[in-house]
Number of protein chains: 10
Amino acid sequence: MLFHVRMDVALPHDLDPHRRTELLHAERDRLLELQKMGVWTHLWQVVGQYGAIGILDVPTNDELHAFLSSLPLWEFMRVEVTPLATHSSDQDAQP
Amino acid sequence: MLFHVRMDVALPHDLDPHRRTELLHAERDRLLELQKMGVWTHLWQVVGQYGAIGILDVPTNDELHAFLSSLPLWEFMRVEVTPLATHSSDQDAQP
Amino acid sequence: MLFHVRMDVALPHDLDPHRRTELLHAERDRLLELQKMGVWTHLWQVVGQYGAIGILDVPTNDELHAFLSSLPLWEFMRVEVTPLATHSSDQDAQP
Amino acid sequence: MLFHVRMDVALPHDLDPHRRTELLHAERDRLLELQKMGVWTHLWQVVGQYGAIGILDVPTNDELHAFLSSLPLWEFMRVEVTPLATHSSDQDAQP
Amino acid sequence: MLFHVRMDVALPHDLDPHRRTELLHAERDRLLELQKMGVWTHLWQVVGQYGAIGILDVPTNDELHAFLSSLPLWEFMRVEVTPLATHSSDQDAQP
Amino acid sequence: MLFHVRMDVALPHDLDPHRRTELLHAERDRLLELQKMGVWTHLWQVVGQYGAIGILDVPTNDELHAFLSSLPLWEFMRVEVTPLATHSSDQDAQP
Amino acid sequence: MLFHVRMDVALPHDLDPHRRTELLHAERDRLLELQKMGVWTHLWQVVGQYGAIGILDVPTNDELHAFLSSLPLWEFMRVEVTPLATHSSDQDAQP
Amino acid sequence: MLFHVRMDVALPHDLDPHRRTELLHAERDRLLELQKMGVWTHLWQVVGQYGAIGILDVPTNDELHAFLSSLPLWEFMRVEVTPLATHSSDQDAQP
Amino acid sequence: MLFHVRMDVALPHDLDPHRRTELLHAERDRLLELQKMGVWTHLWQVVGQYGAIGILDVPTNDELHAFLSSLPLWEFMRVEVTPLATHSSDQDAQP
Amino acid sequence: MLFHVRMDVALPHDLDPHRRTELLHAERDRLLELQKMGVWTHLWQVVGQYGAIGILDVPTNDELHAFLSSLPLWEFMRVEVTPLATHSSDQDAQP
């Protein structure tokens with residue numbers, strides 16, 4: 001089941017530089033891990049913003065929330081979730 | 001080059017039913033055609049709305065505009081375009 | 001899997017009165033049917049508005065979209081879907 | 001009398017970690033208590049956000065405000081209250 | 001129990017003039033009736049707008065919705081309801 | 001001359017607790033004083049928010065601004081002023 | 001007593017051309033009349049929009065509403081009223 | 001003196017097709033004429049929208065409004081004007 | 001050439017009190033100076049807000065930006081500029 | 001390929017003055033460099049705001065993001081990117 005996720009990150013400018021670096025590395029590791037698990041199927045950078053758009057494939061809403069809130073930058077992100085369904089004009093869904 | 005496209009359709013309720021049917025068929029044909037051409041790489045239905053999210057792969061902005069404005073429902077759609085770049089944590093972009 | 005749905009209805013003031021009555025009866029029948037099926041678990045009137053809030057329990061996003069777009073007033077509604085997860089302080093979710 | 005409540009929490013990133021833990025425990029205890037009292041009838045997590053949707057059953061507006069402002073996280077929450085009425089298509093309200 | 005109500009009216013410009021006059025007279029009669037019943041305790045004109053602010057005193061949300069939706073201009077109004085509670089600095093609420 | 005005032009308060013979470021207590025007492029005293037003067041004719045708590053709605057009766061805009069900016073919490077409030085006029089369906093305004 | 005008024009006009013595109021011309025002439029006459037009366041002290045065109053900004057000097061809110069709603073284009077305008085007070089740095093208000 | 005102009009066009013779907021064609025041709029002619037006059041220095045299509053961004057070079061606000069309101073599609077456009085000044089990091093403005 | 005300016009000031013609550021006082025005095029001096037120069041033709045207080053509305057008469061956009069950014073509170077203000085033109089119903093613009 | 005960029009800068013008021021000066025110089029140097037490279041073709045100051053509008057000419061979205069995120073003030077800016085296409089009424093695009 002697919003979900004569209006828009007994430008916008010706002011790090012406080014007075015965040016300790018060491019913690020900032022640790023957070024960014026941890027975020028990257030977790031995003032790569034979720035992609036390898038097949039949970040996070042697409043990940044794009046939004047041009048000109050500290051933001052990303054992702055597509056996640058998860059069996060339930062509970063798991064979706066668990067994956068998103070496991071991101072190291074979770075507390076610094078604004079996330080907007082949009083449930084996706086099969087489009088009737090999707091070529092992969094034609095009979 | 002990838003672009004994220006959010007489309008919301010609003011058909012006037014007094015649109016001639018015959019024209020409405022024609023438009024919907026033509027829209028579906030054009031969407032399938034653009035997918036077969038490799039221009040429209042993903043197409044999803046937004047749950048609960050007469051709207052869709054698509055990803056297009058085009059070489060230039062001019063072609064992107066030409067493809068979008070070639071949609072039969074073009075004059076009844078509100079479209080929002082977001083340019084996408086490679087995300088530094090995308091597993092397909094790792095060295 | 002639960003979804004929160006906010007629906008706002010706007011009927012055109014020049015809608016044929018007969019069609020309006022038919023639509024309202026059909027809408028009511030479909031809403032009762034979805035409740036009897038166990039799909040639509042809660043349905044509330046928003047005070048002072050031609051709008052409603054519902055909770056739906058469905059196994060997939062595709063089914064959620066199919067149920068919502070099967071409503072007779074579908075083309076006159078603005079719908080906003082919010083995926084819900086188990087809250088860690090929900091008393092029914094305590095170990 | 002039912003009210004729909006949307007709560008969004010924003011904890012300051014420089015909040016003392018000890019106070020943060022205390023607040024979260026106290027919030028959980030108070031939410032469980034209000035559920036046991038029958039005041040808070042439903043509580044859901046909003047997927048992807050530090051937010052919740054609840055349904056409260058209270059006899060008066062004064063009591064609703066007293067319950068909401070008794071939450072330990074009250075000063076860090078943005079709350080939106082929507083009064084609910086019986087929906088004419090609610091199956092439990094049919095004659 | 002008090003509720004704050006903001007009402008904005010938008011009559012279609014092509015509404016039949018006779019029906020318009022009837023609606024406006026009926027609206028006025030109903031508003032006066034609700035005031036005489038003690039339901040509608042204050043009613044003010046918003047300067048420069050076709051809008052009003054009212055305070056209603058009703059025992060339940062269901063009755064509030066019934067009163068508001070009984071207004072003859074109901075289908076042409078956008079209504080926003082805000083539940084009110086006793087303010088701790090209200091001089092009539094001092095011990 | 002009546003004005004509708006919506007006030008939303010946002011106290012910084014790191015405000016000195018002693019100053020906070022002083023400010024809240026002073027605010028309450030000033031609100032009671034303005035009510036006794038007949039300037040502030042109604043004061044309601046907005047349910048679920050650190051906000052209030054008031055009705056003020058003042059002879060001029062200058063005095064309205066002077067009264068509002070004399071509130072001890074003035075610098076922590078967002079205030080929205082709406083001028084009110086006599087409503088043609090107000091029962092106290094009938095000939 | 002001064003009020004700042006922002007007016008935005010939206011004439012329906014299918015308005016009868018004769019009525020449109022009449023309305024525009026009547027609006028102009030009324031605006032000139034209100035200026036001659038000293039009620040409407042300033043009137044500016046907003047560049048690039050079918051809108052205007054005005055300053056009105058009236059003794060009461062009731063008169064302000066009466067003047068604004070007397071405009072022939074009243075039913076086609078969105079009006080926003082902002083009460084003005086003497087600015088402490090206004091050179092005409094210095095002691 | 002430069003001004004940034006964002007124009008969004010919304011043609012009514014029931015506009016007479018002949019008039020529509022005439023309007024579009026006239027709009028194009030007028031836009032070309034303003035460019036030849038040196039008034040309209042840049043004109044770009046906004047991708048995915050029936051909208052444009054332009055830069056105009058005019059000596060006064062009055063002339064700017066006159067040029068914009070001379071566009072044949074003027075009554076069907078929403079226009080937003082942003083005054084521009086020389087940027088201190090513009091290479092053409094370096095000493 | 002006239003411009004309408006809306007200014008909203010937000011001073012940080014932890015600003016050094018001495019610097020705050022200095023800034024406010026300097027702002028007042030600069031506003032009076034700009035009025036004496038004939039640049040700032042009108043200045044009004046927005047009732048209930050830490051905000052002002054002004055009308056400036058300047059020959060170019062560059063000078064407008066220079067004057068506004070010369071205000072001592074510049075870095076704490078949100079400013080919105082609206083270019084004004086002569087209104088066709090302005091009595092001073094009649095032939 | 002052209003992109004329209006709106007940038008709004010918000011520097012924290014407690015930023016170290018030395019770092020602030022360094023950042024502003026570095027920003028200016030980078031903006032001049034991008035102009036010399038032919039990447040940044042136009043740069044304008046938005047009047048009355050700490051903001052700018054730019055036009056960039058880049059071959060890909062990835063390069064656009066790289067250029068924008070290379071700005072020294074990047075972490076203090078809100079950026080909005082709008083892809084531009086050739087306008088059918090652009091005089092330079094006429095056959």
# chains A, B, ... in the order shown; residues from 1 in each chain; ligands from 1
$ interface_residues --of "chain H" --to "chain B" --cutoff "9 Å" --atoms "only C-alpha atoms" --output "list of chain:residue names"
H:Ala10, H:Leu11, H:His13, H:Gln45, H:Val46, H:Val47, H:Gly48, H:Gln49, H:Tyr50
$ calpha_fit_and_write --fixed "chain J" --moving "chain A" --output "compact mmCIF listing (two decimals) with N, CA and C atoms, in the first residue's frame"
# COMPACT_ATOMS: atom_id res chain seq x y z
N MET A 1 17.81 26.37 -19.67
CA MET A 1 16.49 26.17 -19.10
C MET A 1 16.33 27.14 -17.94
N LEU A 2 15.22 27.88 -17.95
CA LEU A 2 15.08 28.97 -16.99
C LEU A 2 14.21 28.57 -15.78
N PHE A 3 14.61 29.10 -14.63
CA PHE A 3 13.84 28.91 -13.41
C PHE A 3 13.72 30.26 -12.70
N HIS A 4 12.52 30.48 -12.16
CA HIS A 4 12.24 31.68 -11.38
C HIS A 4 12.42 31.30 -9.91
N VAL A 5 13.16 32.12 -9.19
CA VAL A 5 13.45 31.80 -7.80
C VAL A 5 13.10 32.99 -6.92
N ARG A 6 12.28 32.74 -5.92
CA ARG A 6 11.95 33.76 -4.92
C ARG A 6 12.64 33.37 -3.62
N MET A 7 13.47 34.25 -3.09
CA MET A 7 14.22 33.96 -1.88
C MET A 7 13.86 34.94 -0.78
N ASP A 8 13.53 34.44 0.40
CA ASP A 8 13.27 35.29 1.56
C ASP A 8 14.24 34.90 2.67
N VAL A 9 14.93 35.90 3.18
CA VAL A 9 15.96 35.65 4.17
C VAL A 9 15.45 36.05 5.55
N ALA A 10 15.72 35.20 6.54
CA ALA A 10 15.40 35.53 7.94
C ALA A 10 16.60 35.17 8.80
N LEU A 11 17.39 36.17 9.13
CA LEU A 11 18.54 35.94 9.99
C LEU A 11 18.11 36.02 11.45
N PRO A 12 18.51 35.06 12.29
CA PRO A 12 18.16 35.12 13.72
C PRO A 12 18.73 36.39 14.34
N HIS A 13 17.94 37.06 15.17
CA HIS A 13 18.39 38.35 15.70
C HIS A 13 19.57 38.19 16.65
N ASP A 14 19.78 36.97 17.18
CA ASP A 14 20.89 36.77 18.10
C ASP A 14 22.10 36.12 17.42
N LEU A 15 22.14 36.20 16.10
CA LEU A 15 23.30 35.68 15.37
C LEU A 15 24.53 36.53 15.73
N ASP A 16 25.64 35.87 15.91
CA ASP A 16 26.89 36.58 16.21
C ASP A 16 27.17 37.61 15.12
N PRO A 17 27.39 38.89 15.50
CA PRO A 17 27.55 39.96 14.50
C PRO A 17 28.69 39.69 13.53
N HIS A 18 29.76 39.09 14.03
CA HIS A 18 30.91 38.81 13.16
C HIS A 18 30.51 37.77 12.10
N ARG A 19 29.80 36.72 12.55
CA ARG A 19 29.39 35.69 11.60
C ARG A 19 28.40 36.27 10.59
N ARG A 20 27.54 37.15 11.07
CA ARG A 20 26.57 37.79 10.18
C ARG A 20 27.30 38.54 9.05
N THR A 21 28.28 39.35 9.42
CA THR A 21 29.01 40.12 8.41
C THR A 21 29.71 39.18 7.43
N GLU A 22 30.35 38.16 7.94
CA GLU A 22 31.03 37.18 7.07
C GLU A 22 30.04 36.54 6.09
N LEU A 23 28.88 36.15 6.63
CA LEU A 23 27.87 35.51 5.78
C LEU A 23 27.41 36.43 4.66
N LEU A 24 27.17 37.71 5.02
CA LEU A 24 26.65 38.64 4.01
C LEU A 24 27.68 38.88 2.91
N HIS A 25 28.97 38.98 3.30
CA HIS A 25 30.01 39.17 2.29
C HIS A 25 30.12 37.92 1.40
N ALA A 26 30.10 36.78 2.03
CA ALA A 26 30.21 35.53 1.27
C ALA A 26 29.03 35.36 0.31
N GLU A 27 27.83 35.74 0.79
CA GLU A 27 26.64 35.64 -0.05
C GLU A 27 26.80 36.52 -1.30
N ARG A 28 27.28 37.74 -1.05
CA ARG A 28 27.44 38.67 -2.16
C ARG A 28 28.47 38.13 -3.17
N ASP A 29 29.58 37.62 -2.67
CA ASP A 29 30.61 37.07 -3.56
C ASP A 29 30.05 35.92 -4.38
N ARG A 30 29.29 35.05 -3.73
CA ARG A 30 28.78 33.88 -4.46
C ARG A 30 27.75 34.31 -5.51
N LEU A 31 26.92 35.28 -5.17
CA LEU A 31 25.93 35.75 -6.14
C LEU A 31 26.61 36.38 -7.35
N LEU A 32 27.66 37.16 -7.10
CA LEU A 32 28.38 37.77 -8.22
C LEU A 32 29.05 36.68 -9.08
N GLU A 33 29.60 35.67 -8.42
CA GLU A 33 30.27 34.58 -9.14
C GLU A 33 29.27 33.83 -10.05
N LEU A 34 28.09 33.55 -9.49
CA LEU A 34 27.09 32.83 -10.28
C LEU A 34 26.61 33.67 -11.46
N GLN A 35 26.58 34.99 -11.29
CA GLN A 35 26.21 35.85 -12.41
C GLN A 35 27.30 35.83 -13.49
N LYS A 36 28.56 35.88 -13.03
CA LYS A 36 29.65 35.87 -14.01
C LYS A 36 29.69 34.56 -14.78
N MET A 37 29.31 33.47 -14.14
CA MET A 37 29.27 32.16 -14.80
C MET A 37 28.11 32.06 -15.80
N GLY A 38 27.22 33.05 -15.78
CA GLY A 38 26.07 32.99 -16.69
C GLY A 38 24.95 32.12 -16.16
N VAL A 39 25.07 31.66 -14.92
CA VAL A 39 24.03 30.82 -14.32
C VAL A 39 22.87 31.68 -13.84
N TRP A 40 23.23 32.77 -13.19
CA TRP A 40 22.23 33.64 -12.58
C TRP A 40 22.06 34.83 -13.52
N THR A 41 20.98 34.83 -14.31
CA THR A 41 20.88 35.83 -15.37
C THR A 41 20.24 37.14 -14.92
N HIS A 42 19.37 37.09 -13.92
CA HIS A 42 18.77 38.32 -13.40
C HIS A 42 18.65 38.22 -11.89
N LEU A 43 18.79 39.35 -11.23
CA LEU A 43 18.69 39.39 -9.78
C LEU A 43 18.09 40.73 -9.38
N TRP A 44 16.92 40.67 -8.72
CA TRP A 44 16.25 41.91 -8.30
C TRP A 44 15.94 41.88 -6.81
N GLN A 45 15.99 43.05 -6.22
CA GLN A 45 15.57 43.25 -4.83
C GLN A 45 14.05 43.40 -4.79
N VAL A 46 13.38 42.71 -3.88
CA VAL A 46 11.96 42.94 -3.65
C VAL A 46 11.82 44.14 -2.72
N VAL A 47 11.11 45.17 -3.18
CA VAL A 47 11.02 46.41 -2.42
C VAL A 47 10.32 46.18 -1.06
N GLY A 48 10.95 46.63 -0.01
CA GLY A 48 10.34 46.58 1.32
C GLY A 48 10.51 45.25 2.03
N GLN A 49 11.28 44.34 1.45
CA GLN A 49 11.47 43.04 2.08
C GLN A 49 12.94 42.63 2.02
N TYR A 50 13.32 41.75 2.94
CA TYR A 50 14.64 41.16 2.87
C TYR A 50 14.51 39.94 1.96
N GLY A 51 14.29 40.21 0.68
CA GLY A 51 14.02 39.13 -0.25
C GLY A 51 14.45 39.53 -1.64
N ALA A 52 14.60 38.52 -2.49
CA ALA A 52 15.04 38.77 -3.85
C ALA A 52 14.32 37.84 -4.81
N ILE A 53 14.29 38.26 -6.07
CA ILE A 53 13.77 37.42 -7.14
C ILE A 53 14.90 37.24 -8.15
N GLY A 54 15.14 36.00 -8.54
CA GLY A 54 16.19 35.74 -9.51
C GLY A 54 15.71 34.83 -10.63
N ILE A 55 16.42 34.92 -11.75
CA ILE A 55 16.19 34.00 -12.86
C ILE A 55 17.50 33.24 -13.07
N LEU A 56 17.42 31.92 -13.07
CA LEU A 56 18.62 31.10 -13.28
C LEU A 56 18.49 30.30 -14.57
N ASP A 57 19.60 30.15 -15.23
CA ASP A 57 19.64 29.39 -16.48
C ASP A 57 20.57 28.20 -16.27
N VAL A 58 19.98 27.03 -16.12
CA VAL A 58 20.78 25.84 -15.80
C VAL A 58 20.33 24.67 -16.68
N PRO A 59 21.22 23.71 -16.95
CA PRO A 59 20.83 22.60 -17.82
C PRO A 59 19.98 21.54 -17.12
N THR A 60 20.10 21.40 -15.77
CA THR A 60 19.34 20.35 -15.08
C THR A 60 18.88 20.82 -13.71
N ASN A 61 17.87 20.08 -13.20
CA ASN A 61 17.38 20.33 -11.84
C ASN A 61 18.47 20.10 -10.81
N ASP A 62 19.29 19.07 -11.02
CA ASP A 62 20.35 18.76 -10.05
C ASP A 62 21.31 19.95 -9.91
N GLU A 63 21.67 20.54 -11.04
CA GLU A 63 22.56 21.69 -10.97
C GLU A 63 21.87 22.89 -10.31
N LEU A 64 20.60 23.06 -10.59
CA LEU A 64 19.88 24.16 -9.96
C LEU A 64 19.93 24.02 -8.43
N HIS A 65 19.65 22.81 -7.95
CA HIS A 65 19.67 22.60 -6.50
C HIS A 65 21.08 22.80 -5.94
N ALA A 66 22.08 22.34 -6.69
CA ALA A 66 23.46 22.50 -6.22
C ALA A 66 23.83 23.99 -6.12
N PHE A 67 23.43 24.78 -7.11
CA PHE A 67 23.76 26.21 -7.07
C PHE A 67 23.04 26.89 -5.90
N LEU A 68 21.74 26.61 -5.75
CA LEU A 68 20.99 27.29 -4.69
C LEU A 68 21.52 26.91 -3.31
N SER A 69 21.81 25.63 -3.12
CA SER A 69 22.24 25.20 -1.79
C SER A 69 23.71 25.55 -1.54
N SER A 70 24.38 26.11 -2.54
CA SER A 70 25.75 26.59 -2.32
C SER A 70 25.78 28.02 -1.80
N LEU A 71 24.63 28.66 -1.72
CA LEU A 71 24.59 30.04 -1.22
C LEU A 71 24.89 30.05 0.28
N PRO A 72 25.77 30.94 0.73
CA PRO A 72 26.12 30.99 2.16
C PRO A 72 24.93 31.22 3.09
N LEU A 73 23.90 31.91 2.61
CA LEU A 73 22.72 32.14 3.46
C LEU A 73 21.67 31.04 3.32
N TRP A 74 22.01 29.99 2.60
CA TRP A 74 21.07 28.90 2.29
C TRP A 74 20.24 28.47 3.50
N GLU A 75 20.88 28.26 4.64
CA GLU A 75 20.12 27.71 5.77
C GLU A 75 19.19 28.74 6.42
N PHE A 76 19.33 30.00 6.01
CA PHE A 76 18.46 31.04 6.57
C PHE A 76 17.43 31.53 5.56
N MET A 77 17.35 30.84 4.43
CA MET A 77 16.45 31.30 3.37
C MET A 77 15.27 30.33 3.18
N ARG A 78 14.14 30.93 2.82
CA ARG A 78 13.03 30.16 2.29
C ARG A 78 13.04 30.42 0.79
N VAL A 79 13.11 29.35 0.00
CA VAL A 79 13.24 29.49 -1.44
C VAL A 79 12.05 28.83 -2.12
N GLU A 80 11.50 29.49 -3.14
CA GLU A 80 10.42 28.91 -3.92
C GLU A 80 10.83 28.93 -5.39
N VAL A 81 10.84 27.75 -6.01
CA VAL A 81 11.31 27.60 -7.39
C VAL A 81 10.12 27.41 -8.32
N THR A 82 10.08 28.17 -9.41
CA THR A 82 9.03 28.03 -10.42
C THR A 82 9.68 27.79 -11.78
N PRO A 83 9.45 26.62 -12.38
CA PRO A 83 10.02 26.36 -13.71
C PRO A 83 9.34 27.26 -14.76
N LEU A 84 10.14 27.82 -15.64
CA LEU A 84 9.64 28.70 -16.70
C LEU A 84 9.78 28.04 -18.06
N ALA A 85 8.83 28.34 -18.94
CA ALA A 85 8.92 27.88 -20.33
C ALA A 85 8.79 29.09 -21.25
N THR A 86 9.05 28.86 -22.51
CA THR A 86 8.89 29.93 -23.50
C THR A 86 7.42 30.30 -23.61
N HIS A 87 7.14 31.62 -23.55
CA HIS A 87 5.76 32.09 -23.69
C HIS A 87 5.46 32.25 -25.18
N SER A 88 4.26 31.83 -25.57
CA SER A 88 3.91 31.86 -26.99
C SER A 88 3.83 33.30 -27.53
N SER A 89 3.72 34.28 -26.63
CA SER A 89 3.68 35.68 -27.08
C SER A 89 5.00 36.40 -26.81
N ASP A 90 6.03 35.66 -26.48
CA ASP A 90 7.36 36.27 -26.31
C ASP A 90 7.89 36.67 -27.69
N GLN A 91 8.28 37.95 -27.82
CA GLN A 91 8.67 38.42 -29.16
C GLN A 91 9.92 37.71 -29.69
N ASP A 92 10.75 37.21 -28.77
CA ASP A 92 11.95 36.52 -29.21
C ASP A 92 11.64 35.09 -29.66
N ALA A 93 10.40 34.66 -29.47
CA ALA A 93 10.04 33.29 -29.85
C ALA A 93 9.13 33.28 -31.07
N GLN A 94 9.00 34.42 -31.73
CA GLN A 94 8.12 34.47 -32.89
C GLN A 94 8.83 33.89 -34.12
N PRO A 95 8.09 33.21 -34.97
CA PRO A 95 8.71 32.59 -36.15
C PRO A 95 9.08 33.65 -37.20
$ select_by_dssp --residues "chain E" --states "strand (DSSP E)" --output "ChimeraX atom specification"
/E:2-9,40-46,51-57,77-86
$ select_by_dssp --residues "chain I" --states "alpha helix (DSSP H)" --output "ChimeraX atom specification"
/I:17-36,61-69
$ decode --residues "stretch 23-31 of chain C" --atoms "all heavy atoms" --output "compact mmCIF listing (two decimals), in the first residue's frame"
# COMPACT_ATOMS: atom_id res chain seq x y z
N LEU C 23 -30.49 12.54 -5.15
CA LEU C 23 -29.10 12.42 -4.69
C LEU C 23 -29.03 12.29 -3.17
O LEU C 23 -28.28 11.46 -2.64
CB LEU C 23 -28.31 13.67 -5.12
CG LEU C 23 -27.79 13.68 -6.56
CD1 LEU C 23 -27.26 15.06 -6.92
CD2 LEU C 23 -26.68 12.65 -6.72
N LEU C 24 -29.81 13.10 -2.47
CA LEU C 24 -29.75 13.07 -1.01
C LEU C 24 -30.23 11.73 -0.46
O LEU C 24 -29.65 11.18 0.48
CB LEU C 24 -30.56 14.23 -0.42
CG LEU C 24 -30.02 15.62 -0.78
CD1 LEU C 24 -30.85 16.71 -0.12
CD2 LEU C 24 -28.57 15.76 -0.36
N HIS C 25 -31.30 11.18 -1.07
CA HIS C 25 -31.78 9.86 -0.63
C HIS C 25 -30.74 8.78 -0.93
O HIS C 25 -30.47 7.91 -0.10
CB HIS C 25 -33.11 9.52 -1.31
CG HIS C 25 -34.26 10.26 -0.71
ND1 HIS C 25 -35.51 10.33 -1.29
CD2 HIS C 25 -34.34 10.99 0.42
CE1 HIS C 25 -36.30 11.07 -0.54
NE2 HIS C 25 -35.63 11.47 0.51
N ALA C 26 -30.17 8.84 -2.11
CA ALA C 26 -29.17 7.84 -2.48
C ALA C 26 -27.94 7.93 -1.57
O ALA C 26 -27.38 6.91 -1.15
CB ALA C 26 -28.77 8.03 -3.94
N GLU C 27 -27.55 9.16 -1.25
CA GLU C 27 -26.40 9.36 -0.36
C GLU C 27 -26.67 8.71 1.01
O GLU C 27 -25.83 8.00 1.55
CB GLU C 27 -26.14 10.86 -0.18
CG GLU C 27 -25.01 11.21 0.76
CD GLU C 27 -23.63 11.11 0.10
OE1 GLU C 27 -23.57 10.86 -1.12
OE2 GLU C 27 -22.62 11.27 0.82
N ARG C 28 -27.88 8.97 1.52
CA ARG C 28 -28.23 8.41 2.83
C ARG C 28 -28.23 6.88 2.78
O ARG C 28 -27.70 6.22 3.69
CB ARG C 28 -29.61 8.93 3.22
CG ARG C 28 -29.99 8.65 4.67
CD ARG C 28 -31.27 9.41 5.02
NE ARG C 28 -31.79 8.91 6.27
CZ ARG C 28 -32.46 7.78 6.37
NH1 ARG C 28 -32.67 7.03 5.31
NH2 ARG C 28 -32.91 7.39 7.57
N ASP C 29 -28.78 6.33 1.74
CA ASP C 29 -28.81 4.86 1.61
C ASP C 29 -27.40 4.29 1.57
O ASP C 29 -27.11 3.29 2.23
CB ASP C 29 -29.57 4.46 0.33
CG ASP C 29 -31.06 4.72 0.46
OD1 ASP C 29 -31.53 4.98 1.60
OD2 ASP C 29 -31.77 4.68 -0.57
N ARG C 30 -26.53 4.93 0.81
CA ARG C 30 -25.17 4.40 0.67
C ARG C 30 -24.40 4.52 1.99
O ARG C 30 -23.66 3.60 2.37
CB ARG C 30 -24.45 5.18 -0.44
CG ARG C 30 -23.05 4.69 -0.75
CD ARG C 30 -23.01 3.24 -1.18
NE ARG C 30 -21.66 2.83 -1.58
CZ ARG C 30 -21.20 1.60 -1.44
NH1 ARG C 30 -21.96 0.65 -0.91
NH2 ARG C 30 -19.98 1.31 -1.83
N LEU C 31 -24.61 5.63 2.70
CA LEU C 31 -23.93 5.79 3.99
C LEU C 31 -24.40 4.73 4.99
O LEU C 31 -23.59 4.16 5.73
CB LEU C 31 -24.20 7.20 4.55
CG LEU C 31 -23.41 8.34 3.89
CD1 LEU C 31 -23.91 9.70 4.35
CD2 LEU C 31 -21.91 8.21 4.21
